[in-house]
file model28.cif (mmCIF, C-alpha atoms)
data_run
#
loop_
_atom_site.label_atom_id
_atom_site.label_comp_id
_atom_site.auth_asym_id
_atom_site.auth_seq_id
_atom_site.Cartn_x
_atom_site.Cartn_y
_atom_site.Cartn_z
CA MET P 275 108.24 93.46 72.25
CA SER P 276 107.47 93.39 75.95
CA GLY P 277 103.72 93.37 75.48
CA VAL P 278 103.41 96.19 77.99
CA THR P 279 102.02 99.44 76.61
CA PRO P 280 102.54 102.97 77.95
CA ALA P 281 98.84 102.96 78.81
CA ASP P 282 99.33 99.84 80.94
CA LEU P 283 102.06 101.56 82.92
CA ALA P 284 100.08 104.80 83.20
CA GLY P 285 97.49 102.91 85.24
CA HIS P 286 99.98 101.90 87.91
CA ALA P 287 100.00 104.12 91.00
CA PHE P 288 103.78 104.45 91.01
CA LEU P 289 103.85 105.92 87.51
CA ARG P 290 100.60 107.89 87.60
CA GLY P 291 100.94 111.23 85.85
CA MET P 292 104.21 110.42 84.11
CA ALA P 293 104.70 111.89 80.61
CA ASP P 294 103.77 109.65 77.69
CA GLY P 295 107.30 109.78 76.27
CA ASP P 296 108.81 108.54 79.52
CA LEU P 297 106.19 105.80 79.79
CA ALA P 298 107.01 104.75 76.25
CA VAL P 299 110.68 104.35 77.15
CA LEU P 300 109.88 102.36 80.28
CA SER P 301 107.34 100.15 78.53
CA ARG P 302 110.10 98.86 76.29
CA LEU P 303 112.15 97.83 79.31
CA CYS P 304 109.60 95.76 81.21
CA TRP P 305 107.26 92.82 80.91
CA VAL P 306 104.34 91.34 82.83
CA ALA P 307 105.50 88.77 85.37
CA PRO P 308 102.88 86.71 87.21
CA VAL P 309 104.34 84.58 89.99
CA ARG P 310 102.96 82.07 92.43
CA ARG P 311 102.89 82.34 96.19
CA GLY P 312 106.31 81.57 97.60
CA HIS P 313 108.21 82.91 94.59
CA LEU P 314 111.54 84.41 95.62
CA PHE P 315 112.04 87.74 93.86
CA PHE P 316 115.50 88.34 95.22
CA THR P 317 117.84 87.33 98.00
CA GLU P 318 119.81 89.46 100.43
CA GLY P 319 123.28 90.13 99.06
CA ASP P 320 122.49 89.38 95.42
CA ALA P 321 123.13 91.91 92.67
CA ALA P 322 120.10 94.10 91.94
CA HIS P 323 119.45 93.82 88.19
CA ARG P 324 115.65 94.03 88.35
CA PHE P 325 112.85 95.93 90.00
CA TRP P 326 109.10 95.41 89.98
CA LEU P 327 105.87 97.38 90.15
CA ILE P 328 103.25 95.31 91.93
CA CYS P 329 99.92 95.10 90.10
CA SER P 330 98.24 92.63 92.45
CA GLY P 331 99.15 90.38 95.33
CA HIS P 332 101.56 90.89 98.21
CA VAL P 333 105.29 90.57 98.64
CA ALA P 334 107.13 90.30 101.97
CA LEU P 335 110.54 91.83 102.47
CA ASP P 336 112.39 89.65 104.92
CA LEU P 337 115.66 89.23 106.66
CA THR P 338 117.26 86.17 108.17
CA ALA P 339 118.06 86.67 111.84
CA PRO P 340 120.70 84.78 113.82
CA GLY P 341 119.53 81.23 114.29
CA GLY P 342 118.00 81.12 110.86
CA ARG P 343 114.74 82.77 111.85
CA GLU P 344 113.22 84.83 109.07
CA LEU P 345 111.71 88.16 110.08
CA ILE P 346 109.34 90.04 107.82
CA VAL P 347 110.44 93.64 107.57
CA GLU P 348 107.58 95.00 105.52
CA THR P 349 104.82 93.86 103.21
CA LEU P 350 104.28 95.53 99.85
CA GLY P 351 101.16 95.37 97.74
CA GLN P 352 99.29 96.71 94.77
CA GLY P 353 100.66 100.03 93.57
CA ASP P 354 103.99 99.62 95.33
CA LEU P 355 107.51 99.65 93.99
CA LEU P 356 109.38 96.46 94.86
CA GLY P 357 113.10 97.06 95.02
CA LEU P 358 115.04 100.22 95.85
CA SER P 359 118.61 98.95 95.81
CA TRP P 360 118.76 98.79 92.00
CA PHE P 361 118.76 102.59 91.97
CA VAL P 362 121.92 103.34 93.96
CA PRO P 363 125.36 101.71 94.12
CA PRO P 364 126.44 99.08 94.98
CA TYR P 365 123.21 97.77 93.39
CA GLN P 366 122.91 94.95 95.87
CA TRP P 367 119.76 93.72 97.64
CA GLN P 368 119.73 94.40 101.36
CA PHE P 369 116.75 92.17 102.09
CA SER P 370 115.02 89.22 100.48
CA ALA P 371 111.60 89.39 98.87
CA THR P 372 109.04 86.59 98.67
CA ALA P 373 105.53 86.53 97.21
CA VAL P 374 103.06 86.05 100.09
CA HIS P 375 100.20 85.43 97.68
CA ASP P 376 100.00 84.90 93.92
CA THR P 377 101.34 88.18 92.59
CA THR P 378 101.48 89.97 89.27
CA THR P 379 104.06 92.64 88.54
CA PHE P 380 105.61 94.68 85.82
CA GLU P 381 109.20 93.46 85.96
CA PHE P 382 111.86 95.90 84.78
CA ASN P 383 115.38 95.45 83.51
CA ALA P 384 116.99 97.76 86.07
CA ASP P 385 120.31 98.02 84.23
CA ALA P 386 118.53 99.18 81.09
CA VAL P 387 116.36 101.64 83.04
CA ARG P 388 119.45 103.15 84.69
CA ALA P 389 121.09 103.45 81.28
CA ALA P 390 117.97 105.20 79.95
CA CYS P 391 118.08 107.58 82.92
CA GLU P 392 121.72 108.38 82.14
CA SER P 393 120.90 109.28 78.57
CA GLU P 394 117.62 111.09 79.28
CA ALA P 395 117.98 113.34 82.29
CA GLY P 396 114.28 114.19 82.32
CA LEU P 397 113.32 110.55 82.73
CA GLY P 398 116.03 110.14 85.35
CA TYR P 399 114.77 113.07 87.42
CA GLU P 400 111.18 111.90 87.10
CA LEU P 401 112.09 108.42 88.33
CA LEU P 402 114.30 109.85 91.08
CA GLN P 403 111.35 111.81 92.45
CA ARG P 404 109.13 108.76 92.47
CA VAL P 405 111.71 106.42 93.97
CA MET P 406 112.49 109.07 96.58
CA ALA P 407 108.81 109.43 97.44
CA ALA P 408 108.51 105.66 97.91
CA ALA P 409 111.68 105.58 100.02
CA LEU P 410 110.51 108.53 102.12
CA SER P 411 107.14 106.93 102.72
CA ARG P 412 108.84 103.75 103.93
CA LEU P 413 111.29 105.68 106.05
CA GLN P 414 108.45 107.52 107.77
CA ALA P 415 106.55 104.29 108.31
CA THR P 416 109.68 102.70 109.75
CA ARG P 417 110.17 105.62 112.13
CA VAL P 418 106.63 105.22 113.39
CA ARG P 419 107.17 101.51 113.94
CA MET P 420 110.34 102.29 115.87
CA LEU P 421 108.19 104.22 118.35
CA ASP P 422 106.61 100.90 119.35
CA LEU P 423 103.28 102.65 119.72
CA TYR P 424 101.46 99.53 120.85
CA GLY P 425 104.04 98.61 123.47
CA ALA P 426 103.77 99.30 127.16
CA SER P 427 104.71 102.97 126.85
CA GLY P 428 101.89 103.62 124.44
CA ALA P 429 99.43 101.52 126.31
CA VAL P 430 95.86 102.35 126.93
CA ARG P 431 94.05 100.25 129.47
CA GLY P 432 91.32 99.30 127.08
CA GLY P 433 90.30 102.82 126.48
CA PRO P 434 88.65 105.14 126.49
CA MET Y 90 67.19 106.53 143.19
CA SER Y 91 68.27 103.11 141.92
CA GLN Y 92 71.83 102.07 141.44
CA ALA Y 93 71.31 102.13 137.70
CA THR Y 94 70.74 105.87 137.64
CA ALA Y 95 73.15 106.82 140.41
CA PRO Y 96 76.40 107.45 138.60
CA ALA Y 97 78.49 107.65 141.74
CA LEU Y 98 77.51 104.21 142.97
CA PRO Y 99 78.89 101.11 141.33
CA ALA Y 100 76.50 98.35 140.38
CA ARG Y 101 77.56 94.80 141.17
CA TYR Y 102 78.48 92.68 138.17
CA GLN Y 103 79.69 89.12 138.13
CA VAL Y 104 82.37 87.87 135.77
CA VAL Y 105 80.75 85.10 133.76
CA GLU Y 106 83.42 84.60 131.12
CA ARG Y 107 87.08 85.44 130.76
CA GLN Y 108 88.87 85.35 127.44
CA GLU Y 109 92.60 85.93 127.15
CA GLU Y 110 93.23 88.11 124.12
CA THR Y 111 96.99 88.47 124.43
CA HIS Y 112 99.63 87.97 127.11
CA ASP Y 113 98.46 91.13 128.92
CA THR Y 114 94.92 91.72 127.68
CA VAL Y 115 91.73 90.04 128.77
CA THR Y 116 88.10 90.34 127.73
CA LEU Y 117 85.58 89.93 130.54
CA CYS Y 118 81.93 89.17 130.04
CA LEU Y 119 80.01 90.70 132.97
CA ARG Y 120 76.47 90.01 134.11
CA PRO Y 121 74.56 92.34 136.43
CA VAL Y 122 73.78 90.93 139.83
CA ASP Y 123 71.25 93.61 140.73
CA GLN Y 124 69.88 96.32 138.44
CA PRO Y 125 72.08 96.79 135.38
CA ILE Y 126 73.57 100.10 134.38
CA PRO Y 127 71.67 101.92 131.62
CA GLU Y 128 72.11 100.75 128.03
CA TYR Y 129 75.37 101.94 126.52
CA ARG Y 130 76.12 103.49 123.16
CA PRO Y 131 79.25 102.27 121.32
CA GLY Y 132 82.21 104.41 122.29
CA GLN Y 133 81.14 105.02 125.87
CA PHE Y 134 83.05 103.74 128.86
CA THR Y 135 82.44 102.50 132.38
CA MET Y 136 84.38 102.89 135.59
CA LEU Y 137 85.29 99.38 136.67
CA TYR Y 138 85.99 98.83 140.36
CA ALA Y 139 88.25 96.05 141.58
CA PRO Y 140 87.12 95.68 145.22
CA GLY Y 141 89.68 96.95 147.66
CA ILE Y 142 92.09 98.05 144.97
CA GLY Y 143 90.61 100.84 142.91
CA GLU Y 144 88.69 102.02 139.90
CA VAL Y 145 89.66 102.60 136.26
CA PRO Y 146 87.89 103.76 133.11
CA ILE Y 147 87.45 100.98 130.55
CA SER Y 148 85.70 101.20 127.21
CA ILE Y 149 82.75 98.96 126.58
CA SER Y 150 83.44 96.48 123.78
CA GLY Y 151 79.91 95.20 123.46
CA THR Y 152 77.00 93.66 125.26
CA GLY Y 153 76.66 90.16 126.58
CA PRO Y 154 73.70 87.97 127.47
CA ASP Y 155 71.30 88.99 130.27
CA LEU Y 156 71.99 92.74 129.86
CA GLY Y 157 75.65 92.01 130.39
CA LEU Y 158 78.71 93.92 129.29
CA VAL Y 159 81.82 92.92 127.39
CA GLN Y 160 84.91 94.83 128.46
CA THR Y 161 88.48 94.40 127.28
CA ILE Y 162 91.23 95.31 129.70
CA ARG Y 163 94.97 95.61 129.32
CA ALA Y 164 97.00 95.03 132.47
CA VAL Y 165 99.15 98.11 132.89
CA GLY Y 166 98.71 98.88 136.62
CA ALA Y 167 97.49 97.52 139.93
CA VAL Y 168 93.78 97.91 139.21
CA THR Y 169 93.87 96.62 135.66
CA ARG Y 170 96.05 93.70 136.73
CA ALA Y 171 93.45 92.82 139.37
CA LEU Y 172 90.63 93.10 136.85
CA CYS Y 173 92.48 90.99 134.31
CA ALA Y 174 92.99 88.32 136.95
CA CYS Y 175 89.27 88.06 137.66
CA THR Y 176 87.96 84.61 136.93
CA PRO Y 177 84.31 83.61 136.40
CA GLY Y 178 82.33 84.05 139.57
CA ARG Y 179 84.26 87.07 140.83
CA MET Y 180 82.36 90.26 141.57
CA ILE Y 181 83.36 93.72 140.39
CA GLY Y 182 81.75 97.16 140.49
CA VAL Y 183 80.56 99.01 137.42
CA ARG Y 184 79.59 102.68 137.06
CA GLY Y 185 78.40 104.32 133.90
CA PRO Y 186 78.06 104.31 131.01
CA TYR Y 187 79.77 107.64 130.57
CA GLY Y 188 80.87 109.91 127.79
CA THR Y 189 80.15 110.44 124.14
CA ASP Y 190 79.68 107.77 121.51
CA TRP Y 191 80.81 107.08 117.95
CA ASN Y 192 77.42 108.00 116.46
CA VAL Y 193 77.73 105.15 114.00
CA ALA Y 194 74.29 105.84 112.55
CA SER Y 195 75.53 109.14 111.12
CA ALA Y 196 77.50 107.13 108.54
CA ALA Y 197 74.36 105.45 107.21
CA GLY Y 198 74.25 105.57 103.43
CA ASP Y 199 77.99 106.04 103.21
CA ASP Y 200 81.19 104.16 103.94
CA LEU Y 201 82.22 103.44 107.51
CA LEU Y 202 85.96 103.22 108.00
CA ILE Y 203 87.21 101.90 111.33
CA VAL Y 204 90.92 102.28 112.04
CA ALA Y 205 92.29 100.74 115.23
CA GLY Y 206 95.70 100.47 116.77
CA GLY Y 207 96.46 97.89 119.44
CA ILE Y 208 93.81 97.66 122.10
CA GLY Y 209 92.11 100.62 120.40
CA LEU Y 210 90.05 97.99 118.65
CA ALA Y 211 88.18 97.39 121.93
CA PRO Y 212 86.24 100.71 121.98
CA LEU Y 213 85.53 100.28 118.27
CA ARG Y 214 84.23 96.73 118.47
CA GLY Y 215 80.81 97.89 119.63
CA ALA Y 216 80.58 100.38 116.77
CA LEU Y 217 81.54 97.69 114.29
CA LEU Y 218 79.02 95.22 115.64
CA ALA Y 219 76.33 97.89 115.55
CA ALA Y 220 77.10 98.60 111.89
CA LEU Y 221 77.22 94.93 110.97
CA GLY Y 222 73.90 94.45 112.73
CA HIS Y 223 72.43 96.85 110.16
CA ARG Y 224 74.83 96.12 107.34
CA GLU Y 225 72.34 97.16 104.68
CA LEU Y 226 72.50 100.76 105.90
CA TYR Y 227 76.13 101.23 104.85
CA ARG Y 228 77.87 101.03 101.48
CA ARG Y 229 81.14 99.65 102.83
CA VAL Y 230 82.25 98.74 106.30
CA VAL Y 231 86.04 98.66 106.40
CA VAL Y 232 88.18 97.67 109.38
CA LEU Y 233 91.90 98.43 109.39
CA ALA Y 234 93.66 97.14 112.48
CA GLY Y 235 97.27 97.45 113.53
CA ALA Y 236 99.03 95.53 116.25
CA ARG Y 237 102.54 94.99 117.48
CA SER Y 238 102.64 91.37 116.34
CA PRO Y 239 100.14 88.69 115.27
CA GLU Y 240 100.14 87.40 118.84
CA GLU Y 241 99.08 90.80 120.17
CA LEU Y 242 96.09 91.30 117.95
CA VAL Y 243 92.92 91.52 120.04
CA PHE Y 244 89.68 89.86 118.88
CA ALA Y 245 91.69 87.79 116.39
CA ARG Y 246 89.15 84.99 116.73
CA GLU Y 247 86.39 87.32 115.52
CA LEU Y 248 87.98 88.60 112.31
CA ASP Y 249 86.57 85.86 110.10
CA ARG Y 250 83.08 86.43 111.48
CA TRP Y 251 83.30 90.16 110.84
CA HIS Y 252 84.34 89.38 107.29
CA ARG Y 253 81.43 86.95 106.83
CA ASP Y 254 79.07 89.58 108.20
CA GLY Y 255 80.09 92.04 105.50
CA ALA Y 256 83.14 93.91 106.72
CA GLU Y 257 86.33 94.31 104.73
CA VAL Y 258 89.03 93.53 107.26
CA ALA Y 259 92.74 94.21 106.88
CA VAL Y 260 95.32 93.68 109.59
CA THR Y 261 98.88 94.89 109.81
CA VAL Y 262 101.53 94.20 112.40
CA ASP Y 263 104.80 95.88 113.28
CA GLN Y 264 106.73 92.64 113.55
CA ALA Y 265 106.15 89.17 112.16
CA ALA Y 266 108.06 86.00 111.48
CA ALA Y 267 107.98 84.11 108.20
CA GLY Y 268 104.67 82.40 107.68
CA TRP Y 269 102.58 85.44 108.49
CA THR Y 270 100.53 86.10 105.37
CA GLY Y 271 99.06 89.39 106.54
CA HIS Y 272 100.55 92.81 106.14
CA VAL Y 273 103.63 94.09 107.95
CA GLY Y 274 103.83 97.85 108.37
CA VAL Y 275 102.00 100.69 110.06
CA VAL Y 276 98.24 100.94 109.93
CA THR Y 277 98.37 104.18 107.95
CA GLN Y 278 99.82 102.21 105.03
CA LEU Y 279 96.58 100.26 104.79
CA ILE Y 280 94.58 103.42 104.22
CA GLY Y 281 96.12 104.03 100.81
CA ARG Y 282 95.07 100.55 99.74
CA ALA Y 283 91.55 100.77 101.13
CA ASP Y 284 90.25 102.74 98.15
CA VAL Y 285 88.72 105.38 100.40
CA ASP Y 286 85.94 107.47 98.85
CA SER Y 287 86.79 110.70 100.60
CA ALA Y 288 83.45 112.34 99.94
CA ARG Y 289 81.47 109.50 101.44
CA THR Y 290 83.57 108.16 104.27
CA THR Y 291 83.09 108.51 108.00
CA ALA Y 292 86.20 107.43 109.87
CA LEU Y 293 86.35 106.23 113.48
CA ILE Y 294 89.87 106.00 114.90
CA CYS Y 295 91.14 104.66 118.20
CA GLY Y 296 94.65 103.84 119.34
CA PRO Y 297 97.71 105.60 120.70
CA GLU Y 298 97.45 109.35 120.09
CA VAL Y 299 100.38 109.42 117.68
CA MET Y 300 98.74 106.69 115.63
CA MET Y 301 95.42 108.57 115.60
CA ARG Y 302 97.11 111.79 114.53
CA LEU Y 303 98.99 110.10 111.68
CA THR Y 304 95.89 108.23 110.59
CA ALA Y 305 93.77 111.36 110.58
CA ARG Y 306 96.49 113.19 108.68
CA GLU Y 307 96.51 110.47 106.04
CA LEU Y 308 92.73 110.65 105.72
CA ARG Y 309 92.81 114.44 105.50
CA ALA Y 310 95.40 114.15 102.72
CA LEU Y 311 92.95 111.93 100.82
CA GLY Y 312 90.30 114.59 101.23
CA VAL Y 313 88.19 113.19 104.07
CA PRO Y 314 86.76 116.23 105.90
CA ALA Y 315 87.91 116.65 109.52
CA ALA Y 316 84.27 116.81 110.53
CA ARG Y 317 83.84 113.20 109.36
CA ILE Y 318 86.78 111.90 111.34
CA ARG Y 319 86.25 110.94 114.99
CA VAL Y 320 88.85 109.90 117.51
CA SER Y 321 88.65 108.46 121.01
CA VAL Y 322 90.89 110.34 123.40
CA GLU Y 323 91.92 109.03 126.78
CA ARG Y 324 92.96 111.05 129.78
CA ASN Y 325 92.86 110.31 133.47
CA MET Y 326 89.14 109.77 133.99
CA ARG Y 327 88.27 109.52 137.68
CA CYS Y 328 84.76 110.66 138.55
CA GLY Y 329 83.08 110.04 135.18
CA VAL Y 330 80.67 112.90 135.71
CA ALA Y 331 82.78 115.98 134.92
CA GLU Y 332 83.28 117.08 138.51
CA CYS Y 333 86.82 116.24 139.50
CA GLY Y 334 88.65 117.75 136.52
CA HIS Y 335 91.27 115.02 136.23
CA CYS Y 336 90.42 114.35 132.60
CA GLN Y 337 90.64 117.94 131.40
CA LEU Y 338 92.01 118.41 127.90
CA GLY Y 339 92.00 122.12 127.12
CA PRO Y 340 88.38 123.25 127.27
CA LEU Y 341 87.10 119.67 127.44
CA LEU Y 342 86.38 117.34 130.30
CA LEU Y 343 86.80 114.08 128.46
CA CYS Y 344 84.62 111.96 130.71
CA ARG Y 345 81.71 114.16 129.64
CA ASP Y 346 82.77 115.80 126.35
CA GLY Y 347 84.71 112.72 125.19
CA PRO Y 348 86.12 110.18 124.86
CA VAL Y 349 84.84 110.35 121.29
CA ILE Y 350 85.42 113.77 119.78
CA GLY Y 351 85.50 115.12 116.26
CA TYR Y 352 88.93 115.51 114.75
CA GLU Y 353 88.30 119.18 114.04
CA VAL Y 354 88.13 119.62 117.82
CA ALA Y 355 90.86 117.13 118.68
CA MET Y 356 93.40 118.26 116.08
CA PRO Y 357 94.55 121.47 117.77
CA LEU Y 358 94.42 119.92 121.25
CA LEU Y 359 96.50 116.85 120.39
CA ALA Y 360 99.22 119.04 118.94
CA ILE Y 361 99.87 120.89 122.21
CA ARG Y 362 102.77 119.39 124.15
CA GLU Y 363 101.58 120.40 127.60
CA LEU Y 364 98.05 119.03 127.35
#
call {"tool": "encode", "arguments": {"input": "model28.cif", "output": "structure tokens"}}
result
Amino acid sequence: MSGVTPADLAGHAFLRGMADGDLAVLSRLCWVAPVRRGHLFFTEGDAAHRFWLICSGHVALDLTAPGGRELIVETLGQGDLLGLSWFVPPYQWQFSATAVHDTTTFEFNADAVRAACESEAGLGYELLQRVMAAALSRLQATRVRMLDLYGASGAVRGGP
Amino acid sequence: MSQATAPALPARYQVVERQEETHDTVTLCLRPVDQPIPEYRPGQFTMLYAPGIGEVPISISGTGPDLGLVQTIRAVGAVTRALCACTPGRMIGVRGPYGTDWNVASAAGDDLLIVAGGIGLAPLRGALLAALGHRELYRRVVVLAGARSPEELVFARELDRWHRDGAEVAVTVDQAAAGWTGHVGVVTQLIGRADVDSARTTALICGPEVMMRLTARELRALGVPAARIRVSVERNMRCGVAECGHCQLGPLLLCRDGPVIGYEVAMPLLAIREL
């Protein structure tokens, strides 16, 4: 028993509106995972066997730049999906993820969830839509950041 | 007619304090030497004159002691570079205040949501301070601020005070190194986490136009009516009194009809490439 009920999952923004049957399947494949600030969820290059739904706290996705400097790529928080690489081959993390504050998540066995998606196409399509929505949202946010809106080209003198 | 009521004549102000916000942005505290300009309303701007160099429109960030003004300037050209270089004791010219204001009081009884990008926080600071000065009039006062990096966040030294005075403050940056415990991402991502009550929120937005458009779009998607979203739009203000036409945006002369305009008015104008 994971201790997580379908009702628990239904309250998470990422799964809001999902059918009870699908939530029941997922609830058997996850558990509550509270971690302390500084906890390393995964490391760039490692195999992606887990994913997380953040219930509280913040997690930074980071990347080590030449010279050993770590750059934060994005911060995720309550209601967010942590981990996309578990969903598509080669199932390998492209960034690292570290808890910025004490954080509580639903932690999922990604291999088991993928297997459930293979056997239940409805669940697979439902999850695909939600993962795609999360990925699209991050892609759009990344595009906006690439515009460097606050740089010199987007400058205002101090208004108006 | 006194200088204070003659909009074409600059009043003399002395720089009494200079605070470096970022590598290219400075906040000046100005004190009137003669008669001060009329009292400003948050959102309005002045024309600041660097003697011998030129004049630029700059939003008012607040008031200082002795009927003074607080103005935050980013050095992006000859005039703004000269203004940013002004040290205490230097004299500059001030005309104004001009334009429309945020009408902060209209949010009384409801939630006030302030969304700023970059130096867009400067025109909103006065609105925030006005709301915090009457904190009991508002349910929530929420500030969401985006910047390029932690080092380029303006008014960083004031965030804790705003929080103590009753504001919920969240900051996000585009780029950060390890050790930054704030958010990394675009400011629109903070909106989804701000638990916005769409029926009772008045939103004030200032920043680059793309950022304002995306922010307003996000708020509209949550159900905030366009009529309760206000943006501050900048064009090339010159005269400040709607005579020269340099600041025309469609049917508007922004030095008179702006800079603060309702999003229902701004939305179609900001979407036109040629304007």
call {"tool": "residues_around", "arguments": {"input": "model28.cif", "residues": "Thr116 (chain Y)", "least_positions_apart": "3", "cutoff": "7 Å", "atoms": "all atoms listed in the file", "output": "VMD selection string"}}
result
chain Y and resid 107 to 110 159 to 162
call {"tool": "atom_distance", "arguments": {"input": "model28.cif", "atom1": "CA of Ser148 (chain Y)", "atom2": "CA of Leu213 (chain Y)"}}
result
9.0 Å
call {"tool": "closest_residue", "arguments": {"input": "model28.cif", "among": "Y:Ser238, Y:Gln337, Y:Gln264, Y:Thr152", "to": "Arg214 (chain Y)", "atoms": "all atoms listed in the file"}}
result
Y:Thr152
call {"tool": "resolve_selection", "arguments": {"input": "model28.cif", "expression": "the PyMOL selection byres ((chain Y and resi 273-284) around 6)", "output": "list in words"}}
result
Glu348 and Thr349 of chain P; Gly235, Thr261, Val262, Asp263, His272, Val285 and Thr304 of chain Y
call {"tool": "interface_residues", "arguments": {"input": "model28.cif", "of": "chain Y", "to": "chain P", "cutoff": "7 Å", "atoms": "all atoms listed in the file", "output": "PyMOL selection string"}}
result
chain Y and resi 134+146-148+161-165+207-209+211-212+236-237+263-267+270+272-275+297+321-323+348
call {"tool": "closest_residue", "arguments": {"input": "model28.cif", "among": "P:Ala339, P:Ala298, P:Ala284, P:Leu314", "to": "Leu327 (chain P)", "atoms": "only C-alpha atoms"}}
result
P:Ala284
call {"tool": "resolve_selection", "arguments": {"input": "model28.cif", "expression": "the PyMOL selection byres ((chain Y and resi 306) around 12)", "output": "MDAnalysis selection string"}}
result
chainID Y and resid 277 280 292 294 299:305 307:315 318 352:353 356
call {"tool": "resolve_selection", "arguments": {"input": "model28.cif", "expression": "the PyMOL selection byres ((chain P and resi 366) around 6)", "output": "mmCIF file with C-alpha atoms, keeping the file's coordinate frame"}}
result
data_model
loop_
_atom_site.group_PDB
_atom_site.id
_atom_site.type_symbol
_atom_site.label_atom_id
_atom_site.label_comp_id
_atom_site.auth_asym_id
_atom_site.auth_seq_id
_atom_site.Cartn_x
_atom_site.Cartn_y
_atom_site.Cartn_z
ATOM 1 C CA GLY P 319 123.280 90.130 99.060
ATOM 2 C CA ASP P 320 122.490 89.380 95.420
ATOM 3 C CA ALA P 321 123.130 91.910 92.670
ATOM 4 C CA ALA P 322 120.100 94.100 91.940
ATOM 5 C CA SER P 359 118.610 98.950 95.810
ATOM 6 C CA PRO P 364 126.440 99.080 94.980
ATOM 7 C CA TYR P 365 123.210 97.770 93.390
ATOM 8 C CA TRP P 367 119.760 93.720 97.640
#
call {"tool": "residues_near_point", "arguments": {"input": "model28.cif", "point": "(107.7, 107.0, 92.5)", "cutoff": "9 Å", "atoms": "only C-alpha atoms", "output": "PyMOL selection string"}}
result
chain P and resi 287-290+354-355+400-409
call {"tool": "residues_around", "arguments": {"input": "model28.cif", "residues": "Glu225 (chain Y)", "least_positions_apart": "6", "cutoff": "12 Å", "atoms": "all atoms listed in the file", "output": "ChimeraX atom specification"}}
result
/Y:194,196-200,219,254-256
call {"tool": "residues_near_point", "arguments": {"input": "model28.cif", "point": "(85.6, 114.2, 136.5)", "cutoff": "12 Å", "atoms": "all atoms listed in the file", "output": "ChimeraX atom specification"}}
result
/Y:96-97,136,146,187-188,324-338,341-347
call {"tool": "closest_residue", "arguments": {"input": "model28.cif", "among": "Y:Gly153, Y:Gly222, Y:Gly215, Y:Pro186", "to": "Ile203 (chain Y)", "atoms": "only C-alpha atoms"}}
result
Y:Gly215
call {"tool": "atom_distance", "arguments": {"input": "model28.cif", "atom1": "CA of Ala139 (chain Y)", "atom2": "CA of Thr114 (chain Y)"}}
result
16.0 Å
call {"tool": "atom_distance", "arguments": {"input": "model28.cif", "atom1": "CA of Thr111 (chain Y)", "atom2": "CA of Pro140 (chain Y)"}}
result
24.1 Å
call {"tool": "closest_residue", "arguments": {"input": "model28.cif", "among": "Y:Ala245, Y:Ala316, Y:Ile361, Y:Ala100", "to": "Ala288 (chain Y)", "atoms": "only C-alpha atoms"}}
result
Y:Ala316
call {"tool": "decode", "arguments": {"input": "model28.cif", "residues": "region 100-115 of chain Y", "atoms": "C-alpha atoms", "output": "short mmCIF file (atom, residue, chain, number, x, y, z; two decimals), in the first residue's frame"}}
result
data_model
loop_
_atom_site.label_atom_id
_atom_site.label_comp_id
_atom_site.auth_asym_id
_atom_site.auth_seq_id
_atom_site.Cartn_x
_atom_site.Cartn_y
_atom_site.Cartn_z
CA ALA Y 100 11.32 73.50 -11.93
CA ARG Y 101 14.77 73.26 -10.38
CA TYR Y 102 15.37 70.19 -8.23
CA GLN Y 103 18.52 69.20 -6.45
CA VAL Y 104 19.74 65.63 -6.21
CA VAL Y 105 19.92 64.85 -2.50
CA GLU Y 106 20.46 61.11 -2.67
CA ARG Y 107 21.64 58.65 -5.28
CA GLN Y 108 21.10 54.93 -4.95
CA GLU Y 109 22.53 52.46 -7.44
CA GLU Y 110 19.91 49.82 -8.13
CA THR Y 111 21.79 47.79 -10.73
CA HIS Y 112 24.79 48.28 -13.00
CA ASP Y 113 22.76 50.62 -15.26
CA THR Y 114 19.89 51.83 -13.08
CA VAL Y 115 19.90 54.53 -10.46
#
